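What follows is a set of notes on a single structure, which appears directly below.
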Amino acid sequence: MENLFVFLIVCILGYLLVKFIKYRPLYPFMPLRFNFGKRRNTFRKALALLDQIDAKVLVETGTSRQGLRAAKGDGAATIVFGKWAEQHGAFLHSVDINEQSVIASQREVDIQGMSKNVKVYLSDSLVFLKDFKEQVDFLYLDSYDYSKDPEVQKKSQLHHLAEFKSIEHRLHRQSVVLIDDCRLPNGGKGKMAVDYMTQTNWKVLVNAYQILLVRKDSGL
Ligand SMILES: C[S@@+](CC[C@H](N)C(=O)[O-])C[C@H]1O[C@@H](n2cnc3c(N)ncnc32)[C@H](O)[C@@H]1O
């Protein structure tokens with residue numbers, strides 16, 4: 001009986017230890033209760049680069065359809081980069097093709113008091129990016145959902161490549177590009193975009209669940 005009790009305590013402590021080690025908050029930038037999991041380190045690096053280049057125009061494809069609730073699942077990037085925009089006098093443009101995603105994301109933006117620095121648009125990202133007129137300092141690609149189906153994987157990769165090509169001419173020497181959901185079977189969302197970019201004058205700064213890229217001559 002006593003041995004069983006000790007065993008249970010060891011199991012509980014082990015479980016709590018694993019939870020603690022895997023817990024990846026963006027504290028103090030975001031409240032401690034939000035776990036950003038596999039995106040934490042790349043978010044942190046991207047935010048540091050935004051500081052460094054004094055970014056003013058941020059663009060995201062695929063908005064935070066679950067607000068901050070999905071910090072670990074989807075990433076909650078609209079709120080993370082929206083908060084950075086709010087603190088630095090910048091502006092985040094987030095676009096999504098799904099009306100429910102737009103409504104939910106805009107609601108969270110309003111709750112967080114970020115509406116002066118963030119706008120969520122209802123549009124196909126390709127149309128939105130083609131019509132976008134400003135120079136872009138930070139581009140975050142995270143739209144067409146990836147899946148286990150190879151056909152969907154290919155469509156998602158082609159879509160993210162097309163997104164990049166649509167806005168490429170608005171990127172400057174120190175623009176920063178982050179692509180989500182890359183460390184997945186067959187290369188994830190970013191496979192084709194990253195291949196295309198690295199064949200031109202882009203280099204990979206961080207290759208993890210997300211891929212972070214800057215230009216080779218950016219000095220970053
Ligand atoms: C993974 S979620 C985005 C998560 C968000 N970036 C975050 O960090 O919380 C993907 C979103 O992309 C949107 N999407 C899919 N295809 C799209 C397209 N062609 N244009 C714009 N948005 C698209 C979906 O409606 C969905 O809301």
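Chain identifiers are assigned as A, B, and so on, following the order in which chains appear in the structure tokens; residues are numbered from 1 within each chain, and ligands are numbered from 1 in order of appearance.
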Environment of ligand 1 within 6 Å, counting only C-alpha atoms and all ligand atoms, reported as a PyMOL selection string: chain A and resi 61-65+74-78+95-98+101+124-125+142-145
Residues within 8 Å of segment 158-167 of chain A, only C-alpha atoms, excluding chain neighbours under 5 positions, as a VMD selection string: chain A and resid 125 to 126 129 to 130 132 141 to 144 189 to 190 192 to 193 196
Spatial neighbours of Val136 of chain A, 6 Å, only C-alpha atoms, chain gap at least 2 places, as a ChimeraX atom specification: /A:57,138,170-171
Spatial neighbours of Ser147 of chain A, max dist 9 Å, only C-alpha atoms, sep filter under 6 positions, as a list of chain:residue names: A:Gln153, A:Ser156, A:Gly188
Contact residues around Ser175 of chain A with only C-alpha atoms at 10 Å, ignoring same-chain residues under 6 positions, as a list in words: Leu49, Leu50, Ile53, Ala55, Val57, Leu58, Gln135, Val136, Asp137, Phe138, Leu139, Leu213, Val214, Arg215, Ser218 and Leu220 of chain A
Expected file: the selected residues, all heavy atoms, as a short mmCIF file (atom, residue, chain, number, x, y, z; two decimals), in the first residue's frame:
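Final output, saved to out-v9.cif:
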data_model
loop_
_atom_site.label_atom_id
_atom_site.label_comp_id
_atom_site.auth_asym_id
_atom_site.auth_seq_id
_atom_site.Cartn_x
_atom_site.Cartn_y
_atom_site.Cartn_z
N LEU A 49 13.35 40.56 -34.15
CA LEU A 49 13.69 41.15 -35.46
C LEU A 49 12.81 42.34 -35.77
O LEU A 49 13.27 43.33 -36.34
CB LEU A 49 13.56 40.09 -36.56
CG LEU A 49 14.66 39.02 -36.58
CD1 LEU A 49 14.31 37.92 -37.58
CD2 LEU A 49 16.02 39.63 -36.93
N LEU A 50 11.54 42.28 -35.39
CA LEU A 50 10.65 43.42 -35.62
C LEU A 50 11.15 44.64 -34.85
O LEU A 50 11.14 45.76 -35.36
CB LEU A 50 9.21 43.10 -35.19
CG LEU A 50 8.50 41.97 -35.94
CD1 LEU A 50 7.01 41.96 -35.62
CD2 LEU A 50 8.68 42.10 -37.43
N ILE A 53 14.29 45.97 -36.80
CA ILE A 53 14.08 46.71 -38.07
C ILE A 53 13.05 47.83 -37.91
O ILE A 53 12.73 48.50 -38.87
CB ILE A 53 13.65 45.75 -39.22
CG1 ILE A 53 12.26 45.14 -38.96
CG2 ILE A 53 14.69 44.67 -39.46
CD1 ILE A 53 11.67 44.42 -40.17
N ALA A 55 9.79 47.68 -37.42
CA ALA A 55 8.72 47.36 -38.38
C ALA A 55 7.50 48.24 -38.18
O ALA A 55 7.16 48.60 -37.05
CB ALA A 55 8.34 45.89 -38.23
N VAL A 57 4.70 47.89 -40.89
CA VAL A 57 3.60 47.24 -41.61
C VAL A 57 3.75 45.71 -41.52
O VAL A 57 4.73 45.14 -42.01
CB VAL A 57 3.54 47.69 -43.09
CG1 VAL A 57 2.40 46.99 -43.82
CG2 VAL A 57 3.38 49.21 -43.16
N LEU A 58 2.77 45.09 -40.86
CA LEU A 58 2.79 43.65 -40.65
C LEU A 58 1.59 43.05 -41.38
O LEU A 58 0.49 43.61 -41.33
CB LEU A 58 2.65 43.34 -39.14
CG LEU A 58 3.83 43.57 -38.19
CD1 LEU A 58 4.39 44.96 -38.27
CD2 LEU A 58 3.43 43.25 -36.76
N GLN A 135 4.54 48.94 -48.53
CA GLN A 135 5.73 48.13 -48.34
C GLN A 135 5.52 47.28 -47.07
O GLN A 135 5.02 47.80 -46.07
CB GLN A 135 6.92 49.07 -48.18
CG GLN A 135 8.24 48.38 -48.07
CD GLN A 135 9.39 49.37 -48.26
OE1 GLN A 135 9.94 49.51 -49.33
NE2 GLN A 135 9.75 50.02 -47.18
N VAL A 136 5.91 46.03 -47.10
CA VAL A 136 5.65 45.12 -45.98
C VAL A 136 6.94 44.82 -45.21
O VAL A 136 7.93 44.38 -45.79
CB VAL A 136 5.02 43.80 -46.50
CG1 VAL A 136 4.83 42.79 -45.36
CG2 VAL A 136 3.70 44.08 -47.21
N ASP A 137 6.90 45.07 -43.91
CA ASP A 137 8.09 44.80 -43.08
C ASP A 137 8.10 43.36 -42.55
O ASP A 137 9.15 42.77 -42.36
CB ASP A 137 8.12 45.76 -41.88
CG ASP A 137 8.19 47.20 -42.32
OD1 ASP A 137 9.11 47.52 -43.11
OD2 ASP A 137 7.32 48.00 -41.92
N PHE A 138 6.90 42.85 -42.27
CA PHE A 138 6.80 41.49 -41.71
C PHE A 138 5.65 40.77 -42.37
O PHE A 138 4.52 41.27 -42.42
CB PHE A 138 6.57 41.57 -40.20
CG PHE A 138 6.35 40.23 -39.55
CD1 PHE A 138 7.33 39.25 -39.56
CD2 PHE A 138 5.14 39.92 -38.91
CE1 PHE A 138 7.13 38.00 -38.96
CE2 PHE A 138 4.93 38.70 -38.30
CZ PHE A 138 5.93 37.73 -38.33
N LEU A 139 5.95 39.58 -42.89
CA LEU A 139 4.94 38.76 -43.57
C LEU A 139 4.82 37.42 -42.84
O LEU A 139 5.83 36.72 -42.67
CB LEU A 139 5.37 38.54 -45.02
CG LEU A 139 4.47 37.64 -45.87
CD1 LEU A 139 3.10 38.29 -46.09
CD2 LEU A 139 5.13 37.37 -47.24
N LEU A 213 12.64 33.54 -42.32
CA LEU A 213 13.56 33.88 -43.41
C LEU A 213 13.80 35.39 -43.51
O LEU A 213 12.90 36.19 -43.23
CB LEU A 213 13.00 33.41 -44.76
CG LEU A 213 12.69 31.92 -44.87
CD1 LEU A 213 11.20 31.68 -44.83
CD2 LEU A 213 13.27 31.33 -46.15
N VAL A 214 15.02 35.72 -43.93
CA VAL A 214 15.37 37.12 -44.22
C VAL A 214 16.21 37.10 -45.51
O VAL A 214 16.67 36.04 -45.93
CB VAL A 214 16.20 37.76 -43.08
CG1 VAL A 214 15.38 37.91 -41.81
CG2 VAL A 214 17.47 36.98 -42.81
N ARG A 215 16.43 38.26 -46.08
CA ARG A 215 17.25 38.30 -47.29
C ARG A 215 18.72 38.10 -46.93
O ARG A 215 19.17 38.52 -45.86
CB ARG A 215 17.08 39.65 -47.99
CG ARG A 215 15.75 39.77 -48.69
CD ARG A 215 15.84 40.88 -49.72
NE ARG A 215 14.54 41.40 -50.06
CZ ARG A 215 13.78 40.93 -51.05
NH1 ARG A 215 14.19 39.92 -51.78
NH2 ARG A 215 12.61 41.47 -51.31
N SER A 218 20.52 41.22 -45.96
CA SER A 218 19.77 42.08 -45.02
C SER A 218 20.63 42.57 -43.86
O SER A 218 20.28 43.52 -43.17
CB SER A 218 18.59 41.30 -44.43
OG SER A 218 19.07 40.18 -43.73
N LEU A 220 20.83 40.88 -41.23
CA LEU A 220 20.14 40.36 -40.03
C LEU A 220 20.65 38.96 -39.67
O LEU A 220 21.14 38.25 -40.50
CB LEU A 220 18.63 40.32 -40.27
CG LEU A 220 17.97 41.67 -40.54
CD1 LEU A 220 16.52 41.48 -41.00
CD2 LEU A 220 18.01 42.56 -39.28
#
